[in-house]
Structures are given as C-alpha cells and as structure tokens.
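Q: So that we are looking at the same thing, I have put the structure below in structure tokens.
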Amino acid sequence: MSGARGAQGAGGARGGGTATGAPPTPAAKESARPALSSTPLMRAIRLTGLGAGPLSRAVAAGALTLISSVGLAAASAWLIVRSSQSPPVLTLEICVVLVRLFGITRGLFRYLERLATHRVALNGMTQLRVRVYDALAAGRPAATALLRRGDLLARVGADVEDVGDLVVRGIVPALVAALLIGLSSAFIAIFVPLAGIAVLICLLAAGILAPMLTIKAAQLAEVQAATARAHVVSSTMTALEYGDELAVSGQLATCTRELDTAERDLFRALDNAAKPSGLAVAVTEIAIGLAIIACFVFGAQALSAGTISPEVLGVVVLTPLACFEAVSGLPAAAAQVYRSQAAATRICNLHDSAVAPAATAPPTPSTQAAPAAQPEPGATHPSHTPSTHHTPTLRAVDATMGWDPAEPVLQHVDLTLTPGRALAIVGASGAGKTTLLATLAGLLPPLAGRVEVGGTPISALERRDAAQMIAFVAEDAHVFATTVLENLRVANGHATPAEAREALETVGLTPWLERLPDELDTLLGPGGRAISGGERRRLLLARAVLSPARFILLDEPSEHLDPDSADRLTGLMCELAHTTGKGVVIVTHRLGSLDHVDEVRMVDDRTLATCDNQRRLAGTLDATCAEPSPKEIDR
C-alpha cells in the first residue's frame with residue numbers, strides 16, 4: 001500500500017512502498033534547498049557532508065606517502081652510487097637508516113591515507129543516500145513513478161557509490177599529485193636546475209595529456225554504455241523478480257535474449273573506450289622515459305662542470321622514477337571525476353524532481369475542501385451513497401493519463417468517487433487500469449486535465465494530508481522482511497496488536513496467523529516469499545483495512561485466490577466502504593465480484609466508460625487472460 005505522496009520502492013509506481021504520514025526529516029528539509037547556481041557534482045559533494053578537515057587529513061597522508069617514496073628513491077640512489085666506491089662502512093650508516101625510515105613510513109602513511117579516504121568516502125555515501133531517500137520519501141511520488149526499476153536502483157546504488165569514490169579515486173589523488181609535482185621538481189632543481197625544469201615539463205605533460213585521453217575514453221564508454229548498462233540492470237531484475245511468471249507465459253527466453261543483447265552492447269562500448277585509455281598509458285610511459293633522459297643529459301653536463309658529485313648524479317637520474325608515481329593515478333582520477341559527474345547529474349535530477357514544488361494553481365473558493373465528516377461506526381446508507389456535503393470527493397476531470405506524453409494510455413477521463421461507495425474498474429490486460437489507479441493516487445501526474453481530492457490537486461497536498469486521504473494497494477506491493485505486525489504498520493504506524501488481529505480477521509487470515517510460530521511477531525522472508533500468493537494478497541488487503549486513508553485503491557485484490565474466496569474478499573472490501581465511509585476503487589476481472597459494488601466502469605479504447613451491459617462486460621473480462629509483456633512487467 002502506498003500513500004499518495006509516500007515513499008516509493010524500486011518499482012516506482014508499482015513498487016508498493018507505503019507512507020506512514022510522518023513529517024519530513026531535517027535532512028530532507030536541508031536537502032530540499034538545491035543550489036541552482038552550482039554544478040551537479042558540487043551539489044552532490046555537499047550532500048555527502050564532505051568537510052575540509054577530513055579531506056585535508058587524507059591529502060596530508062597521501063602526500064607524506066609519496067614524499068616517502070621520493071625520499072626512498074633518492075636515498076637508495078645515493079647509497080648505490082656511494083657503495084660502488086667502496087667507502088668506509090660508517091659513512092653509509094646514515095643513508096642506510098634513511099632508506100629504512102622511508103621504507104617504513106611509506107607503508108605507514110599509505111595505510112593512514114587509505115583509512116582516511118575510505119572513512120570520508122563511506123560516511124559521505126551514507127549521508128548522500130540518506131538525504132536522497134529522505135527527499136524521495138517526503139517529496140513528489142512522480143519522481144520515482146516515471147523511472148524504470150533498474151534506473152532507480154542504479155541511481156540510489158551505483159551512482160551514489162560513484163560519487164563516494166570521487167574522494168578516494170579523484171579528489172585526493174589530484175590534490176596529492178598537484179602538491180608532489182611542485183615539490184619533486186623543486187627537489188631535483190636544487191642540484192641541477194635544468195633537470196628540474198625538464199622533470200616539471202614531463203610531469204605536467206603526463207598529468208594533463210593522459211587524463212584528457214582518459215576522459216575521452218570515459219566519454220565514449222558513458223555515451224555508448226549508459227543505455228546498455230541500464231538495460232542490463234533492468235532485464236536482470238525483471239528475470240529475477242518475475243522469472244516464474246515469465247516462464248509460465250513463455251516469455252522468459254525473450255527476456256534472456258534481451259539481457260544477452262544488452263551485455264554484448266555493453267562489452268562493445270567498453271572495448272571501444274579502451275583505445276584512448278591505452279594511449280593515455282603510453283603517454284605516461286613516454287614522459288617517464290623523456291624525463292630520465294633529460295636528467296641524465298643535464299646531470300652529466302653538471303658532473304663534467306664539477307658542480308655535482310657522482311652520487312648526486314645518481315639521485316638526479318633515478319629520483320624521477322618515484323616522482324611519476326604522483327601522476328600515474330591521474331588518468332584513473334580523471335575517469336572517476338567524469339563518472340562521478342554523470343552520476344551526480346542523475347542523482348541531482350532525481351533529488352530535484354522529488355523536492356520540486358508542484359506547479360498547481362491554488363483552489364478557488366468554490367472548490368475549497370470542506371472538513372471531512374467522520375461517519376459513525378457501523379453507519380450505513382440504504383443507497384450506499386452518502387451525502388457529499390462536508391465530504392471530500394476524489395475526482396478526475398477531463399484527465400489524460402499515461403507514462404509517455406507522446407503515447408497517452410487514457411484520454412478524457414471523468415470520474416467521481418465519494419466516501420462510502422465502491423467502484424469497480426474492469427478492462428483487458430494492458431488497457432490502462434493500473435495507470436488509472438497510479439494517477440488517481442497521485443503517483444503519476446496527469447498529462448492533461450486534473451485529479452483532485454476535496455477540490456485540491458493531489459500533487460499540491462502535503463505528504464501527511466495525502467496519506468490521510470489516499471492509499472494505493474499495488475498488485476505487486478512489497479512485503480518486507482520483518483514481522484507480520486510491522487508489515488501491517490506500514491499502512492498505519494500506530495496500529496495496535498489488537499487492531500492488527502482484527503484486520504487480519506476481516507480478510508480471513510486468522511487461521512493462518514494462528515499457525516505461525518510467533519503469530520504477529522513472526523518474521524516473514526524477503527519479499528514475502530515464505531507465504532503463498534493468496535496469503536500475500538490478503539496481508540496486503542489487511543494493510544488497506546488498517547489504513548486511515550479516506551480512499552483506498554486496490555489493484556487486483558483477489559489475485560491468486562480461488563473463485564469463492566475472491567468473490568467473498570471483494571465483497572468484504574465493498575462492505576468496508578459501506579460501513580466505514582471509505583471510498584474504494586477495485587480493479588478486478590471477476591464478474592461475481594461485481595454484485596457488491598455500487599458502480600462499474602470499463603477501460604476500453606483509451607476511455608473510461610460506464611458499463612451496465614453484462615455481455616459486453618464478459619467479453620472484455622475474457623481478454624484479461626492475456627499475459628503482460630516483460631516491458632509491461634518492468635514498468
């Protein structure tokens with residue numbers, strides 16, 4: 001079940017997440033202030049909470065690591081050349097100690113640098129993911145309803161990790177390299193100025209040209225592989241979550257072929273991107289060779305002039321080998337910056353779409369919602385049509401509905417539902433029934449026209465108010481890996497155990513509950529795989545019974561039930577509408593269930609029409625046997 005503006009699961013509009021009506025958290029309020037003048041990458045970094053203190057410690061540890069490497073190379077070169085002259089052993093003791101010191105400190109500072117950078121990165125990823133979740137939970141449901149499952153999972157998963165990796169693989173290596181380029185070239189210039197200048201030029205060439213080529217490779221990989229990567233994730237999730245259904249319908253092989261094609265496209269894109277990346281490696285190696293040759297030439301001239309000793313010549317020639325360790329990681333850093341920038345753009349787009357205010361006009365006095373009248377327990381109306389005076393209504397006015405503006409699913413939809421009435425929606429598979437419910441719930445914005453409750457557009461309602469008004473029980477709503485009681489509290493966080501038992505009894509789950517080892521405290525497996533399909537549907541309906549919402553939208557509530565149980569359960573939901581004053585919309589394909597509803601509407605040929613012709617209705621329901629395609633399931 002899901003509140004009209006509740007948190008959505010990975011499945012978007014059909015993910016089945018449920019809002020509890022809690023107000024936005026402080027993190028959500030803070031993240032809801034996008035800095036439009038900054039780049040997405042900088043905004044994403046700010047959302048990670050990256051501070052100057054932790055970053056400076058990581059850079060300092062990385063710089064000390066490379067300083068130890070350069071010192072080790074210089075001390076080793078001096079020791080090798082001086083030892084070849086067979087001097088007294090005591091003259092080598094200081095250099096031997098320095099070699100040991102730099103060898104130890106190199107490993108020590110490398111360990112400290114890894115601790116510092118990974119702590120910053122992991123904390124930042126946690127902060128970023130929490131703030132994105134808070135924004136999605138408190139924001140507009142359409143932010144996730146329009147995304148495919150794989151795309152949403154990639155944004156809150158891999159994209160957040162790419163932004164976090166920016167610290168470890170991008171920012172720290174770049175800052176350390178910039179520091180070491182100056183220090184190492186200055187160190188060599190102390191002995192041979194021309195050699196120091198030559199090393200500086202080669203370091204800059206390797207530090208600029210190689211990253212540029214790497215970014216070119218990353219661009220090729222991103223442009224060509226982004227779509228294929230999303231298809232791989234999406235097809236994989238579809239095959240894993242709906243493998244049984246696809247196998248029964250004979251479409252599992254089609255889904256598998258789509259996955260194979262996406263993987264081949266991804267590998268092809270990565271192969272094309274490897275060419276500039278290989279050239280970047282060659283540029284770095286050439287720069288190292290040129291730097292060593294230049295140092296040898298200028299150092300030999302200085303040795304001939306008597307300005308340096310043979311030991312210093314060895315230091316000047318061999319030290320550049322360690323100096324280039326500072327720039328060897330820059331190509332990978334450049335690629336990480338590019339990946340992180342693309343990931344940050346996707347995260348910020350998702351974040352902004354959730355926190356953006358709805359572009360709706362304020363309600364006019366004639367349509368202003370009046371206070372909702374609370375019906376007396378057990379009160380019924382002979383006509384099942386309560387007075388609309390002081391009663392909010394759920395209305396769709398000349399609404400066009402669909403996922404793609406270029407291909408609307410339903411057009412010119414007019415519908416009015418008052419509390420206390422039960423409305424049935426029928427139609428062939430794929431006709432747009434779920435799209436209709438998602439739009440009525442506020443999960444999917446109408447393409448044209450308006451959908452309002454009590455005269456106020458659903459998109460303009462605060463999350464708490466929307467959750468008190470509308471609840472949507474999706475056909476594949478999620479069952480969480482927690483206790484039975486907590487699964488029911490998804491719809492009403494304040495539900496007591498007694499209320500939970502009563503709701504389960506209403507939907508006929510009391511015998512099932514009594515068989516559980518810990519009854520309400522029994523843990524359910526991930527996704528509800530430990531319970532049968534019929535028990536899962538009844539558990540979801542128990543959520544609807546507990547929900548405080550005035551309007552309940554049910555997508556195929558009798559799925560996986562035998563005919564008698566399905567009709568009896570649908571009747572119970574209609575009775576719930578008549579006795580509690582809730583408005584109920586039921587998408588169904590069973591004729592027997594229609595005896596209990598107040599009105600039947602049929603989705604046919606992109607329209608929503610009133611249907612009182614049983615023959616036409618039966619013909620329409622026969623078409624529901626058609627199985628949805630993998631693309632429809634993924635949506």
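Every chain in the structure tokens has a letter given in the order shown (A, B, ...), and although residue numbers restart at 1 in each chain, ligands are simply numbered from 1 in the order shown.
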Got a sec: who's within 9 Å of stretch 506-522 of chain A, counting only C-alpha atoms, leaving out chain neighbours fewer than 5 positions off, as a list in words?

A: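 Once the nearby chain positions are removed, what remains is Thr482, Thr483, Val484, Leu485, Glu486, Pro497, Ala500, Arg501, Glu535, Arg538, Leu539, Leu541, Ala542, Val545, Leu569, Leu572 and Met573 of chain A.
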
Q: Store the residues picked out above, limited to all heavy atoms, as a compact mmCIF listing (two decimals), in the first residue's frame.

A:
```
# COMPACT_ATOMS: atom_id res chain seq x y z
N THR A 482 10.27 -8.44 7.71
CA THR A 482 10.13 -8.12 9.12
C THR A 482 8.91 -8.87 9.66
O THR A 482 8.42 -9.79 9.00
CB THR A 482 9.99 -6.60 9.32
OG1 THR A 482 9.94 -6.30 10.72
CG2 THR A 482 8.77 -6.05 8.63
N THR A 483 8.43 -8.50 10.82
CA THR A 483 7.33 -9.24 11.44
C THR A 483 6.00 -8.95 10.74
O THR A 483 5.86 -7.97 9.99
CB THR A 483 7.20 -8.88 12.92
OG1 THR A 483 6.84 -7.49 13.03
CG2 THR A 483 8.50 -9.13 13.65
N VAL A 484 5.02 -9.79 11.00
CA VAL A 484 3.69 -9.57 10.45
C VAL A 484 3.14 -8.24 10.92
O VAL A 484 2.56 -7.47 10.15
CB VAL A 484 2.75 -10.73 10.87
CG1 VAL A 484 1.34 -10.46 10.38
CG2 VAL A 484 3.26 -12.06 10.33
N LEU A 485 3.32 -7.94 12.21
CA LEU A 485 2.78 -6.70 12.77
C LEU A 485 3.41 -5.48 12.10
O LEU A 485 2.71 -4.53 11.73
CB LEU A 485 3.03 -6.66 14.28
CG LEU A 485 2.56 -5.39 15.01
CD1 LEU A 485 1.06 -5.19 14.82
CD2 LEU A 485 2.92 -5.46 16.49
N GLU A 486 4.73 -5.51 11.92
CA GLU A 486 5.40 -4.36 11.31
C GLU A 486 5.02 -4.23 9.83
O GLU A 486 4.98 -3.13 9.29
CB GLU A 486 6.91 -4.48 11.47
CG GLU A 486 7.39 -4.35 12.89
CD GLU A 486 6.93 -3.05 13.53
OE1 GLU A 486 6.94 -2.01 12.85
OE2 GLU A 486 6.51 -3.08 14.71
N PRO A 497 -1.57 -4.24 18.35
CA PRO A 497 -1.71 -5.66 18.02
C PRO A 497 -3.17 -6.09 17.91
O PRO A 497 -3.51 -6.91 17.04
CB PRO A 497 -1.00 -6.35 19.18
CG PRO A 497 0.03 -5.36 19.62
CD PRO A 497 -0.62 -4.03 19.46
N ALA A 500 -4.42 -4.99 14.60
CA ALA A 500 -3.83 -5.82 13.55
C ALA A 500 -4.55 -7.17 13.46
O ALA A 500 -4.83 -7.66 12.36
CB ALA A 500 -2.34 -6.02 13.82
N ARG A 501 -4.83 -7.78 14.61
CA ARG A 501 -5.55 -9.05 14.60
C ARG A 501 -6.95 -8.88 13.98
O ARG A 501 -7.41 -9.74 13.22
CB ARG A 501 -5.67 -9.59 16.02
CG ARG A 501 -4.36 -10.05 16.62
CD ARG A 501 -4.56 -10.54 18.05
NE ARG A 501 -3.31 -10.92 18.66
CZ ARG A 501 -2.75 -12.12 18.52
NH1 ARG A 501 -3.36 -13.05 17.79
NH2 ARG A 501 -1.61 -12.40 19.11
N GLU A 535 -2.12 -15.74 0.52
CA GLU A 535 -1.87 -15.15 1.83
C GLU A 535 -1.24 -13.77 1.68
O GLU A 535 -1.54 -12.85 2.45
CB GLU A 535 -0.95 -16.07 2.64
CG GLU A 535 -1.61 -17.38 3.03
CD GLU A 535 -0.60 -18.41 3.51
OE1 GLU A 535 0.62 -18.16 3.31
OE2 GLU A 535 -1.01 -19.46 4.04
N ARG A 538 -3.99 -11.27 0.81
CA ARG A 538 -4.82 -10.96 1.98
C ARG A 538 -4.06 -10.07 2.97
O ARG A 538 -4.65 -9.18 3.60
CB ARG A 538 -5.25 -12.26 2.68
CG ARG A 538 -6.24 -13.09 1.88
CD ARG A 538 -6.52 -14.41 2.60
NE ARG A 538 -7.37 -15.29 1.83
CZ ARG A 538 -8.70 -15.33 1.94
NH1 ARG A 538 -9.30 -14.52 2.81
NH2 ARG A 538 -9.41 -16.16 1.21
N LEU A 539 -2.75 -10.31 3.12
CA LEU A 539 -1.96 -9.48 4.01
C LEU A 539 -1.93 -8.03 3.51
O LEU A 539 -2.03 -7.08 4.30
CB LEU A 539 -0.53 -10.03 4.11
CG LEU A 539 0.42 -9.32 5.07
CD1 LEU A 539 -0.09 -9.43 6.50
CD2 LEU A 539 1.83 -9.88 4.96
N LEU A 541 -4.28 -6.65 1.75
CA LEU A 541 -5.62 -6.10 1.98
C LEU A 541 -5.81 -5.74 3.46
O LEU A 541 -6.53 -4.78 3.78
CB LEU A 541 -6.68 -7.10 1.55
CG LEU A 541 -6.81 -7.30 0.03
CD1 LEU A 541 -7.84 -8.37 -0.26
CD2 LEU A 541 -7.20 -6.00 -0.65
N ALA A 542 -5.17 -6.49 4.35
CA ALA A 542 -5.24 -6.13 5.77
C ALA A 542 -4.60 -4.77 6.00
O ALA A 542 -5.04 -4.00 6.86
CB ALA A 542 -4.55 -7.21 6.61
N VAL A 545 -7.22 -2.29 5.24
CA VAL A 545 -8.21 -2.17 6.31
C VAL A 545 -7.69 -1.27 7.43
O VAL A 545 -8.43 -0.47 8.00
CB VAL A 545 -8.56 -3.57 6.85
CG1 VAL A 545 -9.45 -3.48 8.08
CG2 VAL A 545 -9.23 -4.41 5.77
N LEU A 569 -13.91 -12.02 -0.67
CA LEU A 569 -13.00 -10.97 -0.22
C LEU A 569 -13.35 -9.63 -0.85
O LEU A 569 -13.30 -8.59 -0.18
CB LEU A 569 -11.55 -11.37 -0.57
CG LEU A 569 -10.46 -10.60 0.16
CD1 LEU A 569 -10.58 -10.77 1.65
CD2 LEU A 569 -9.08 -11.08 -0.31
N LEU A 572 -16.12 -8.22 1.02
CA LEU A 572 -15.69 -7.64 2.28
C LEU A 572 -15.15 -6.23 2.10
O LEU A 572 -15.41 -5.34 2.92
CB LEU A 572 -14.64 -8.53 2.94
CG LEU A 572 -15.12 -9.85 3.53
CD1 LEU A 572 -13.92 -10.68 4.00
CD2 LEU A 572 -16.06 -9.58 4.70
N MET A 573 -14.40 -5.99 1.02
CA MET A 573 -13.85 -4.66 0.77
C MET A 573 -14.97 -3.68 0.44
O MET A 573 -14.91 -2.51 0.83
CB MET A 573 -12.82 -4.71 -0.35
CG MET A 573 -11.62 -5.62 -0.07
SD MET A 573 -10.86 -5.35 1.56
CE MET A 573 -10.30 -3.67 1.38
```

Q: Residues of stretch 525-574 of chain A classed as strand (DSSP E or B) by DSSP on the backbone are to be reported as a PyMOL selection string.

A: chain A and resi 551-555

Q: Atom CA of A:Ala438 and atom CA of A:Val473 are how many Å apart?

A: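 According to the coordinates, atom CA of A:Ala438 and atom CA of A:Val473 are separated by 9.8 Å.
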
Q: In terms of the shortest atom-to-atom distance over only C-alpha atoms, which of A:Leu576, A:Ala332, A:Val168, A:Val81 is closest to A:Ala217?

A: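 The closest residue to A:Ala217 is A:Ala332.
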
Q: Each residue of stretch 505-555 of chain A with at least one atom at most 10 Å from stretch 440-452 of chain A should appear once, together with its nearest atom pair and the corresponding distance in Å (one decimal); atoms considered: only C-alpha atoms; ordering: chain, then increasing residue number; output as JSON lines.

A:
```
{"residue": "A:Phe551", "atom": "CA", "partner": "A:Ala441", "partner_atom": "CA", "distance": 9.0}
{"residue": "A:Ile552", "atom": "CA", "partner": "A:Ala441", "partner_atom": "CA", "distance": 8.9}
{"residue": "A:Leu553", "atom": "CA", "partner": "A:Ala441", "partner_atom": "CA", "distance": 7.5}
```

Q: Give the answer as one residue: which of A:Glu499, A:Asp134, A:Asp564, A:Asp414 has the shortest atom-to-atom distance to A:Ala396, using only C-alpha atoms?

A: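 The shortest atom-to-atom distance to A:Ala396 comes from A:Asp414.
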
Q: Need the shell around A:Leu112: protein/DNA/RNA residues with any atom at most 12 Å away, counting only C-alpha atoms. Skip same-chain ones fewer than 5 positions apart. Format as number ranges by chain?

A: A: 57-65, 105-107, 117-119

Q: Using only C-alpha atoms, find the one residue out of A:Ala205, A:Leu321, A:Val232, A:Val167 that sits nearest to A:Leu72.

A: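 Nearest to A:Leu72: A:Leu321.
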
Q: Taking the DSSP assignment computed from this structure's backbone, write out as a ChimeraX atom specification all residues of stretch 309-361 of chain A that belong to alpha helix (DSSP H).

A: /A:310-323,325-328,330-355

Q: Fewer than 2 positions away in the same chain doesn't count, so skip those; otherwise give me all residues within 10 Å of A:Tyr338, counting only C-alpha atoms, as a ChimeraX atom specification.

A: /A:41,162,166,170,214-216,218-219,222,332-336,340-344

Q: Can you build me a table of stretch 61-125 of chain A residues sitting at most 12 Å from stretch 181-187 of chain A, with the closest atom pair per residue and its distance in Å to one decimal, using only C-alpha atoms, sorted by chain and residue number, as JSON lines?

A:
```
{"residue": "A:Ala63", "atom": "CA", "partner": "A:Leu183", "partner_atom": "CA", "distance": 10.1}
{"residue": "A:Leu64", "atom": "CA", "partner": "A:Leu183", "partner_atom": "CA", "distance": 11.5}
{"residue": "A:Leu66", "atom": "CA", "partner": "A:Ser184", "partner_atom": "CA", "distance": 9.7}
{"residue": "A:Ile67", "atom": "CA", "partner": "A:Ser184", "partner_atom": "CA", "distance": 8.3}
{"residue": "A:Ser68", "atom": "CA", "partner": "A:Ser184", "partner_atom": "CA", "distance": 11.4}
{"residue": "A:Ser69", "atom": "CA", "partner": "A:Ser184", "partner_atom": "CA", "distance": 10.7}
{"residue": "A:Val70", "atom": "CA", "partner": "A:Ser184", "partner_atom": "CA", "distance": 7.5}
{"residue": "A:Gly71", "atom": "CA", "partner": "A:Ser184", "partner_atom": "CA", "distance": 9.7}
{"residue": "A:Ala73", "atom": "CA", "partner": "A:Ser184", "partner_atom": "CA", "distance": 11.5}
{"residue": "A:Ala74", "atom": "CA", "partner": "A:Phe187", "partner_atom": "CA", "distance": 10.0}
```

Q: Just checking: using only C-alpha atoms, which residue out of A:Lys275, A:Arg169, A:Arg537, A:His578 ends up closest to A:Arg339?

A: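 Looking only at the distances to A:Arg339, the closest residue turns out to be A:Arg169.
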
Q: Leaving out A:Leu209 and any residue of its chain fewer than 2 positions from it, which residues lie within 9 Å of it when counting only C-alpha atoms, given as a compact mmCIF listing (two decimals) with N, CA and C atoms, in the first residue's frame?

A:
```
# COMPACT_ATOMS: atom_id res chain seq x y z
N LEU A 204 54.00 17.65 -16.00
CA LEU A 204 52.80 18.37 -16.43
C LEU A 204 52.21 17.73 -17.68
N ALA A 205 53.08 17.30 -18.62
CA ALA A 205 52.57 16.66 -19.84
C ALA A 205 51.82 15.37 -19.50
N ALA A 206 52.45 14.57 -18.65
CA ALA A 206 51.78 13.32 -18.26
C ALA A 206 50.55 13.59 -17.41
N GLY A 207 50.59 14.63 -16.59
CA GLY A 207 49.47 14.92 -15.71
C GLY A 207 48.31 15.62 -16.38
N PRO A 211 45.29 12.37 -18.58
CA PRO A 211 43.90 12.47 -18.11
C PRO A 211 42.92 12.91 -19.19
N MET A 212 43.36 13.78 -20.10
CA MET A 212 42.47 14.21 -21.19
C MET A 212 42.08 13.02 -22.07
N LEU A 213 43.05 12.18 -22.39
CA LEU A 213 42.75 10.98 -23.19
C LEU A 213 41.85 10.02 -22.41
N THR A 214 42.08 9.94 -21.11
CA THR A 214 41.25 9.06 -20.29
C THR A 214 39.81 9.57 -20.24
N ALA A 280 46.63 6.77 -23.26
CA ALA A 280 46.98 7.54 -22.07
C ALA A 280 48.11 6.87 -21.29
N VAL A 283 51.36 7.57 -23.10
CA VAL A 283 51.84 8.94 -22.89
C VAL A 283 52.61 9.04 -21.58
N THR A 284 52.09 8.42 -20.53
CA THR A 284 52.77 8.45 -19.24
C THR A 284 54.13 7.77 -19.31
N PRO A 331 45.16 9.63 -14.60
CA PRO A 331 44.18 9.15 -15.59
C PRO A 331 42.98 8.48 -14.95
```

Q: Could you jot down the atom CA of A:Met602 to atom CA of A:Gly454 separation for me, Å, one decimal place?

A: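 Atom-to-atom, atom CA of A:Met602 to atom CA of A:Gly454, that is 24.3 Å.
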